[in-house]
Amino acid sequence: GFGFTAMFFWAHRHRPVTSPNFDAAGTPAYYALRLIEQWEEFTIPAFVFVSGFFVAVLAGRHRAGVPGWAAVARVRALAVPYLLWSGVILAALALEGRVYAPARYVRMILTGSTSPNYYFVPLLMQMYLLAPAVVWLGRRRWQGLLVMTGALQAGVYLLQYPLAVG
């Protein structure tokens, strides 16, 4: 993303042009950045998938579910670096003059919106905290769990249509 910003919106800093300037679109540098962007887009779903796989391994075949202590330990392992780097980003925003009300800081940390790259960390923490209940439900009522998650997924997608259509 920053490469595209530099290429198009900061072009005046390294070439005698007016920004935004899209002359670099279609160049080898542009396609290299697009390739890196596509690789980066794959990493977060892959990370979430691998984390889910390890929850399944943690649940085991013969155990009743995921132990609560294990889920809390995973959340704690994610929370420390997440809070550290969110704090660094919030401090950088403050240095830029962007100071917010305390409630907004809490919302930013809870939703992962301190940085667009961090949205998945609170999501993953929520998934770990829900894992004991989801595994327990999946072991006992897997059909109902599939129907419930399918309905939830369909509902989320169907709610997007009125926004798109206006």
# chains A, B, ... in the order shown; residues from 1 in each chain; ligands from 1
call {"tool": "select_by_dssp", "arguments": {"residues": "stretch 59-133 of chain A", "states": "helix (DSSP H, G or I)", "output": "ChimeraX atom specification"}}
result
/A:59,68-95,102-111,116-118,120-133
call {"tool": "residues_around", "arguments": {"residues": "stretch 79-95 of chain A", "least_positions_apart": "2", "cutoff": "9 Å", "atoms": "only C-alpha atoms", "output": "list of chain:residue names"}}
result
A:Arg74, A:Val75, A:Arg76, A:Ala77, A:Gly97, A:Arg98, A:Val99, A:Tyr100, A:Tyr105, A:Met108, A:Ile109, A:Gly112, A:Thr114, A:Ser115, A:Tyr118, A:Val121, A:Pro122, A:Met125
call {"tool": "residues_around", "arguments": {"residues": "stretch 41-45 of chain A", "least_positions_apart": "3", "cutoff": "10 Å", "atoms": "only C-alpha atoms", "output": "mmCIF file with C-alpha atoms, in the first residue's frame"}}
result
data_model
loop_
_atom_site.group_PDB
_atom_site.id
_atom_site.type_symbol
_atom_site.label_atom_id
_atom_site.label_comp_id
_atom_site.auth_asym_id
_atom_site.auth_seq_id
_atom_site.Cartn_x
_atom_site.Cartn_y
_atom_site.Cartn_z
ATOM 1 C CA LEU A 35 2.362 -9.234 -6.787
ATOM 2 C CA ILE A 36 3.521 -8.322 -3.266
ATOM 3 C CA GLU A 37 0.026 -7.027 -2.498
ATOM 4 C CA GLN A 38 -1.532 -10.325 -3.592
ATOM 5 C CA VAL A 48 -6.431 -17.639 10.687
ATOM 6 C CA PHE A 49 -6.748 -21.087 9.037
ATOM 7 C CA VAL A 50 -3.562 -22.370 10.676
ATOM 8 C CA SER A 51 -4.739 -21.024 14.047
ATOM 9 C CA ASN A 117 -3.274 -4.401 9.287
ATOM 10 C CA TYR A 118 -4.373 -5.344 12.813
ATOM 11 C CA TYR A 119 -8.087 -6.062 12.319
ATOM 12 C CA PHE A 120 -7.577 -9.821 12.466
ATOM 13 C CA VAL A 121 -5.879 -9.923 15.877
#
call {"tool": "residues_around", "arguments": {"residues": "A:Val134", "least_positions_apart": "2", "cutoff": "12 Å", "atoms": "only C-alpha atoms", "output": "list in words"}}
result
Gly52, Val55, Ala56, Ala59, Ala64, Gly65, Val66, Pro67, Gly68, Ala71, Gln126, Met127, Tyr128, Leu129, Leu130, Ala131, Pro132, Trp136, Leu137, Gly138, Arg139, Arg140, Arg141, Trp142, Gly144, Leu145, Leu146, Met148 and Thr149 of chain A
call {"tool": "residues_around", "arguments": {"residues": "A:Ala11", "least_positions_apart": "5", "cutoff": "10 Å", "atoms": "only C-alpha atoms", "output": "MDAnalysis selection string"}}
result
chainID A and resid 4:6 16:24
call {"tool": "atom_distance", "arguments": {"atom1": "atom CA of A:Leu124", "atom2": "atom CA of A:Glu40"}}
result
17.6 Å
